[in-house]
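What follows is the content of start.cif, which has mmCIF, C-alpha atoms:
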data_query
#
loop_
_atom_site.label_atom_id
_atom_site.label_comp_id
_atom_site.auth_asym_id
_atom_site.auth_seq_id
_atom_site.Cartn_x
_atom_site.Cartn_y
_atom_site.Cartn_z
CA MET V 484 20.79 -2.57 -16.29
CA VAL V 485 20.03 -4.94 -19.16
CA ASP V 486 21.70 -7.71 -17.19
CA GLU V 487 19.59 -6.92 -14.10
CA ALA V 488 16.43 -6.99 -16.20
CA ARG V 489 17.44 -10.34 -17.65
CA LEU V 490 18.08 -11.78 -14.20
CA GLN V 491 14.76 -10.46 -12.91
CA ALA V 492 12.92 -11.93 -15.89
CA LEU V 493 14.48 -15.33 -15.16
CA TRP V 494 13.56 -15.07 -11.48
CA ALA V 495 10.00 -13.95 -12.15
CA PRO V 496 8.46 -17.48 -12.28
CA ASP V 497 9.63 -18.02 -8.68
CA GLU V 498 6.93 -15.60 -7.51
CA PRO V 499 4.03 -17.46 -5.90
CA PRO V 500 0.48 -16.15 -6.48
CA ALA V 501 -0.48 -12.97 -4.63
CA ARG V 502 -3.19 -14.89 -2.76
CA ASP V 503 -2.71 -18.51 -1.78
CA PRO V 504 -5.42 -19.72 0.65
CA ALA V 505 -3.89 -23.21 0.87
CA PHE V 506 -0.57 -21.81 2.06
CA GLU V 507 -2.26 -19.42 4.49
CA LEU V 508 -4.32 -22.27 5.91
CA ALA V 509 -1.22 -24.43 6.32
CA VAL V 510 0.50 -21.63 8.26
CA MET V 511 -2.52 -21.10 10.53
CA GLN V 512 -2.74 -24.85 11.20
CA ARG V 513 0.90 -24.91 12.26
CA LEU V 514 0.25 -21.84 14.37
CA LEU V 515 -2.66 -23.50 16.16
CA ARG V 516 -0.54 -26.57 16.82
CA ARG V 517 2.20 -24.34 18.24
CA ARG V 518 -0.32 -22.50 20.42
CA LEU V 519 -1.65 -25.80 21.71
CA TRP V 520 1.84 -26.88 22.74
CA LEU V 521 2.51 -23.52 24.38
CA ASP V 522 -0.77 -23.77 26.31
CA PHE V 523 0.13 -27.31 27.32
CA ALA V 524 3.56 -26.16 28.46
CA ALA V 525 1.98 -23.30 30.43
CA LEU V 526 -0.48 -25.64 32.15
CA THR V 527 2.10 -28.27 33.05
CA PRO V 528 3.50 -26.45 36.14
CA ILE V 529 -0.06 -25.83 37.42
CA VAL V 530 -0.99 -29.49 37.01
CA LEU V 531 2.27 -30.56 38.66
CA GLY V 532 1.67 -28.09 41.52
CA ALA V 533 -1.87 -29.40 42.04
CA GLY V 534 -0.50 -32.94 42.05
CA ILE V 535 2.06 -32.04 44.72
CA VAL V 536 -0.64 -30.34 46.85
CA LEU V 537 -2.87 -33.40 46.58
CA TRP V 538 0.05 -35.64 47.45
CA THR V 539 0.83 -33.59 50.57
CA LEU V 540 -2.88 -33.73 51.54
CA THR V 541 -2.97 -37.50 51.24
CA PRO V 542 -2.80 -38.08 55.06
CA LEU V 543 -5.82 -35.80 55.55
CA LEU V 544 -7.74 -37.55 52.79
CA GLY V 545 -6.86 -40.83 54.46
CA SER V 546 -8.41 -39.67 57.76
CA PHE V 547 -11.53 -38.62 55.85
CA ASP V 548 -11.76 -42.19 54.55
CA GLN V 549 -11.66 -43.41 58.13
CA PHE V 550 -14.36 -40.90 59.06
CA ALA V 551 -16.55 -42.04 56.15
CA ALA V 552 -16.11 -45.61 57.27
CA ALA V 553 -17.53 -44.79 60.72
CA ASP V 554 -20.86 -46.27 61.76
CA SER V 555 -23.92 -45.01 59.89
CA GLU V 556 -25.65 -43.78 63.08
CA THR V 557 -22.96 -41.14 63.53
CA LEU V 558 -23.30 -40.02 59.90
CA VAL V 559 -27.11 -39.84 60.15
CA GLY V 560 -26.76 -37.84 63.34
CA LEU V 561 -24.39 -35.43 61.66
CA ALA V 562 -26.65 -35.07 58.60
CA VAL V 563 -29.71 -34.38 60.77
CA SER V 564 -27.81 -31.81 62.83
CA LEU V 565 -26.59 -30.13 59.64
CA GLY V 566 -30.13 -30.14 58.23
CA ILE V 567 -31.60 -28.56 61.38
CA ALA V 568 -28.86 -25.94 61.41
CA LEU V 569 -29.62 -25.05 57.78
CA VAL V 570 -33.41 -24.85 58.40
CA VAL V 571 -32.87 -22.59 61.41
CA PHE V 572 -30.49 -20.45 59.41
CA PHE V 573 -32.94 -20.01 56.48
CA VAL V 574 -35.96 -19.41 58.74
CA ASP V 575 -33.97 -16.74 60.51
CA MET V 576 -33.04 -15.22 57.14
CA MET V 577 -36.73 -15.15 56.04
CA ARG V 578 -37.89 -13.41 59.23
CA PRO V 579 -39.04 -9.80 58.60
CA GLY V 580 -36.49 -7.30 59.80
CA SER V 581 -33.65 -9.80 59.76
CA GLY V 582 -31.67 -7.40 57.61
CA MET Y 950 0.24 -2.84 1.44
CA SER Y 951 0.43 0.42 3.36
CA VAL Y 952 2.69 0.64 6.37
CA SER Y 953 -0.09 2.08 8.53
CA LEU Y 954 -2.37 -0.89 7.80
CA ASP Y 955 0.56 -3.20 8.53
CA ASP Y 956 1.09 -1.38 11.83
CA ALA Y 957 -2.56 -1.75 12.78
CA LEU Y 958 -2.54 -5.47 11.98
CA ILE Y 959 0.75 -5.97 13.81
CA ALA Y 960 -0.63 -4.22 16.89
CA GLN Y 961 -3.71 -6.45 16.82
CA ALA Y 962 -1.61 -9.58 16.26
CA GLN Y 963 0.69 -8.60 19.14
CA ALA Y 964 -2.43 -8.33 21.30
CA GLY Y 965 -3.23 -11.94 20.39
CA SER Y 966 -5.46 -11.68 17.32
CA SER Y 967 -5.03 -14.73 15.09
CA GLN Y 968 -7.22 -13.09 12.47
CA ALA Y 969 -4.89 -10.11 12.19
CA PHE Y 970 -1.88 -12.39 11.91
CA SER Y 971 -3.66 -14.41 9.24
CA ARG Y 972 -4.10 -11.22 7.22
CA LEU Y 973 -0.42 -10.42 7.64
CA VAL Y 974 0.43 -13.90 6.33
CA ALA Y 975 -1.85 -13.33 3.34
CA GLN Y 976 -0.26 -9.96 2.58
CA HIS Y 977 3.36 -11.03 2.86
CA GLN Y 978 3.48 -14.69 1.86
CA GLN Y 979 4.31 -13.91 -1.76
CA SER Y 980 7.49 -11.96 -0.98
CA VAL Y 981 8.73 -14.29 1.72
CA ARG Y 982 8.15 -17.40 -0.38
CA ALA Y 983 9.74 -15.86 -3.47
CA PHE Y 984 12.82 -14.94 -1.41
CA LEU Y 985 13.06 -18.45 0.01
CA ARG Y 986 12.49 -20.12 -3.35
CA ARG Y 987 15.47 -18.25 -4.80
CA LEU Y 988 17.49 -19.05 -1.71
CA ALA Y 989 16.62 -22.75 -1.52
CA GLY Y 990 16.32 -23.47 -5.23
CA ASN Y 991 13.53 -25.87 -4.37
CA TRP Y 992 9.96 -24.70 -4.11
CA PRO Y 993 8.44 -27.31 -1.74
CA GLU Y 994 11.36 -26.95 0.67
CA ALA Y 995 11.12 -23.16 0.44
CA ASP Y 996 7.39 -23.19 1.18
CA ASP Y 997 7.95 -25.53 4.13
CA VAL Y 998 10.57 -23.18 5.57
CA ALA Y 999 8.26 -20.22 4.86
CA GLN Y 1000 5.53 -21.80 6.98
CA GLN Y 1001 8.01 -22.34 9.80
CA ALA Y 1002 9.20 -18.77 9.42
CA PHE Y 1003 5.68 -17.38 9.80
CA VAL Y 1004 5.15 -19.46 12.95
CA ALA Y 1005 8.50 -18.22 14.30
CA ALA Y 1006 7.49 -14.65 13.42
CA TRP Y 1007 4.26 -15.08 15.38
CA THR Y 1008 6.22 -16.43 18.36
CA HIS Y 1009 8.63 -13.49 18.32
CA LEU Y 1010 6.15 -10.83 17.24
CA ALA Y 1011 6.50 -8.99 20.55
CA ARG Y 1012 10.12 -8.27 19.64
CA PHE Y 1013 9.19 -6.54 16.41
CA GLU Y 1014 9.90 -2.82 16.68
CA ARG Y 1015 7.26 -0.51 15.25
CA GLY Y 1016 8.42 1.54 12.30
CA ARG Y 1017 10.58 -1.20 10.84
CA ASN Y 1018 9.72 -2.77 7.51
CA PHE Y 1019 7.67 -5.81 8.51
CA ARG Y 1020 8.22 -7.62 5.21
CA LEU Y 1021 11.99 -7.26 5.52
CA TRP Y 1022 11.84 -8.39 9.12
CA LEU Y 1023 9.95 -11.48 7.95
CA CYS Y 1024 12.63 -12.12 5.32
CA GLY Y 1025 15.25 -11.94 8.07
CA VAL Y 1026 13.32 -14.47 10.17
CA ALA Y 1027 12.93 -16.66 7.07
CA TYR Y 1028 16.65 -16.47 6.34
CA ARG Y 1029 17.54 -17.63 9.85
CA LYS Y 1030 14.98 -20.44 9.62
CA PHE Y 1031 16.48 -21.47 6.30
CA LEU Y 1032 19.99 -21.60 7.78
CA ALA Y 1033 18.76 -23.60 10.77
CA ALA Y 1034 16.95 -26.02 8.46
CA ARG Y 1035 20.00 -26.50 6.28
CA ARG Y 1036 22.18 -27.23 9.28
CA SER Y 1037 19.88 -29.77 10.78
CA HIS Y 1038 20.52 -33.38 9.91
CA TRP Y 1039 16.87 -34.30 10.24
CA ARG Y 1040 15.92 -31.43 8.00
CA ARG Y 1041 18.45 -32.55 5.42
CA ARG Y 1042 16.79 -35.93 5.20
CA ARG Y 1043 13.35 -34.36 5.02
CA ARG Y 1044 14.57 -31.97 2.32
CA GLU Y 1045 15.67 -34.90 0.20
CA GLU Y 1046 12.20 -36.39 0.52
CA VAL Y 1047 10.52 -33.08 -0.28
CA ALA Y 1048 12.88 -32.54 -3.19
CA ALA Y 1049 11.91 -35.93 -4.57
CA GLU Y 1050 8.25 -34.91 -4.32
CA GLY Y 1051 9.08 -31.48 -5.71
CA HIS Y 1052 10.35 -32.80 -9.02
CA GLU Y 1053 6.86 -33.94 -9.73
CA THR Y 1054 5.01 -30.95 -8.34
CA ILE Y 1055 6.79 -28.15 -10.23
CA ALA Y 1056 4.42 -27.71 -13.11
CA SER Y 1057 6.20 -25.58 -15.67
CA PRO Y 1058 9.46 -26.84 -17.15
CA ASP Y 1059 12.34 -24.44 -16.69
CA SER Y 1060 14.19 -22.93 -19.59
CA ASP Y 1061 17.90 -23.66 -19.95
CA ASP Y 1062 18.69 -20.17 -18.71
CA ARG Y 1063 16.55 -20.64 -15.62
CA LEU Y 1064 18.23 -23.95 -14.87
CA ASP Y 1065 21.65 -22.37 -15.32
CA LEU Y 1066 20.64 -19.51 -13.05
CA ARG Y 1067 19.31 -21.87 -10.40
CA LYS Y 1068 22.50 -23.93 -10.47
CA ALA Y 1069 24.66 -20.83 -10.29
CA MET Y 1070 22.57 -19.49 -7.38
CA GLN Y 1071 22.93 -22.75 -5.48
CA ALA Y 1072 26.68 -22.63 -5.98
CA LEU Y 1073 26.88 -19.26 -4.21
CA PRO Y 1074 27.57 -19.19 -0.45
CA GLU Y 1075 24.30 -18.92 1.51
CA GLU Y 1076 24.88 -15.39 2.76
CA GLN Y 1077 25.82 -14.18 -0.71
CA ARG Y 1078 22.78 -15.92 -2.18
CA ALA Y 1079 20.49 -14.24 0.35
CA ALA Y 1080 21.96 -10.81 -0.46
CA VAL Y 1081 21.52 -11.43 -4.18
CA ALA Y 1082 17.93 -12.67 -3.69
CA LEU Y 1083 17.00 -9.58 -1.69
CA CYS Y 1084 18.82 -6.91 -3.70
CA LEU Y 1085 18.83 -8.16 -7.29
CA ALA Y 1086 15.69 -10.28 -7.37
CA ALA Y 1087 13.41 -8.47 -4.90
CA GLY Y 1088 14.82 -4.97 -5.44
CA TYR Y 1089 15.67 -4.06 -1.85
CA SER Y 1090 18.49 -1.63 -1.18
CA HIS Y 1091 21.82 -2.79 0.19
CA ALA Y 1092 21.05 -1.12 3.52
CA GLU Y 1093 17.69 -2.88 3.80
CA ALA Y 1094 19.26 -6.24 2.98
CA ALA Y 1095 22.00 -5.62 5.56
CA ASP Y 1096 19.34 -4.88 8.17
CA ALA Y 1097 17.28 -7.98 7.31
CA LEU Y 1098 20.22 -10.37 7.19
CA GLY Y 1099 22.03 -8.86 10.16
CA ILE Y 1100 25.34 -8.39 8.30
CA PRO Y 1101 27.42 -5.25 7.62
CA LEU Y 1102 26.47 -3.00 4.70
CA GLY Y 1103 29.88 -3.37 3.06
CA THR Y 1104 29.55 -7.16 3.14
CA VAL Y 1105 26.17 -6.95 1.40
CA LYS Y 1106 27.58 -4.69 -1.31
CA SER Y 1107 30.46 -7.08 -1.85
CA HIS Y 1108 28.14 -10.11 -1.91
CA VAL Y 1109 25.83 -8.51 -4.47
CA LEU Y 1110 28.69 -7.43 -6.73
CA ARG Y 1111 30.35 -10.84 -6.71
CA GLY Y 1112 27.09 -12.74 -6.89
CA ARG Y 1113 25.89 -10.72 -9.86
CA ALA Y 1114 29.15 -11.35 -11.71
CA THR Y 1115 28.99 -15.09 -10.99
CA LEU Y 1116 25.37 -15.38 -12.14
CA LEU Y 1117 25.93 -13.42 -15.34
CA ALA Y 1118 29.03 -15.46 -16.10
CA ALA Y 1119 26.96 -18.62 -15.70
CA LEU Y 1120 24.43 -17.21 -18.14
CA GLY Y 1121 27.17 -16.28 -20.56
CA GLY Y 1122 26.55 -12.54 -20.28
CA ASP Y 1123 28.68 -9.53 -19.51
CA HIS Y 1124 29.72 -9.56 -15.89
CA GLY Y 1125 32.01 -6.58 -15.76
CA GLY Y 1126 29.63 -4.57 -13.51
#
Would you mind writing the structure in this file as structure tokens?
Amino acid sequence: MVDEARLQALWAPDEPPARDPAFELAVMQRLLRRRLWLDFAALTPIVLGAGIVLWTLTPLLGSFDQFAAADSETLVGLAVSLGIALVVFFVDMMRPGSG
Amino acid sequence: MSVSLDDALIAQAQAGSSQAFSRLVAQHQQSVRAFLRRLAGNWPEADDVAQQAFVAAWTHLARFERGRNFRLWLCGVAYRKFLAARRSHWRRRRREEVAAEGHETIASPDSDDRLDLRKAMQALPEEQRAAVALCLAAGYSHAEAADALGIPLGTVKSHVLRGRATLLAALGGDHGG
């Protein structure tokens, strides 16, 4: 038992302080960094999936470009038609007893 | 720290609370670092491994079974981190750098006996050193050390007996048991 006590006395200075804010902060910083990487890793498949979806939709987007490049009279006509449809819709909504 | 408070904090940490985990770090850092310092023989390296061990513990917290001794579980995680660090070439290089810094950062000069003890500890095989650090230095039972280190109880008993004799011989004391 005397030998054990001697060993323990020699080991005692290895004990860090009971509270060490600097160490705790360092751990939490590493933890945040780890979390960030895990979040990044979790988002990667979603971003890749979205990229693939966009890539497969490229032909459709291309046809939209062609549509946008059509003559301005067509676009104005479409905008006016859409505007009238919206006005009619809202007027109908405002009518008493429309539900 | 009471086991019930530990359990409450563990449950909160498992649910994703960083604050609860931070409190667990604060409560257990002393024991884990002391264990690693005796194991590594180098304080800066030990503290570096301790930080990694806490991050690993957070990552694997879902695997922790309620009712077990959380501090001992942490020591087990720290031991495995220590072994992984020692076996990594990159870590070996980093350890040399940290050790070079460490010579300047250790404030109090060691006594001859402490230096002898440290040298004798470092000469022990890693598993034996871990058993000695847990049982003789930290006062855990053989069964607890066996559970933390994941080795048979008989092996721990043998490690502690031989390690104790080696350390006392290095210190020039009686090592008959």
- request: Restrict the distance test to only C-alpha atoms, flag each residue of chain V within 8 Å of chain Y, and return the flagged residues as a VMD selection string.
  value: chain V and resid 486 to 487 490 to 491 493 to 494 497 to 504 506 to 507 509 to 511 513 to 514 517
- request: Grab the atom CA of V:Leu569 to atom CA of V:Leu540 distance for me, in Å with one decimal place.
  value: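 Separating atom CA of V:Leu569 from atom CA of V:Leu540 is a distance of 28.8 Å.
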task: List, as a VMD selection string, every residue that the PyMOL selection byres ((chain Y and resi 1070) around 9) selects in the file provided.
output: chain Y and resid 987 to 990 1065 to 1069 1071 to 1074 1078 1081 1112 1115 to 1116
field: Interatomic distance, atom CA of Y:Pro993 to atom CA of Y:His1108 (Å, one decimal)
entry: 26.2 Å
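When all atoms listed in the file are used to compute distances to Y:Val998, the closest of the residues Y:Ser1090, Y:Leu1023, Y:Leu1010, Y:Ala960 turns out to be Y:Leu1023.
Distance-wise, atom CA of Y:Lys1030 and atom CA of Y:Ala1097 end up 12.9 Å apart.
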- request: May I ask which of the residues Y:Ile959, Y:Leu1110, Y:Ala1027, Y:Val1105 is the closest one to Y:Arg1015, counting only C-alpha atoms?
  value: Y:Ile959
- request: Could you check which of Y:Leu1102, Y:Leu1021, Y:Ala1034, Y:Ala964 is closest to Y:Leu1083, using only C-alpha atoms?
  value: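 Of all the options, Y:Leu1021 lies closest to Y:Leu1083.
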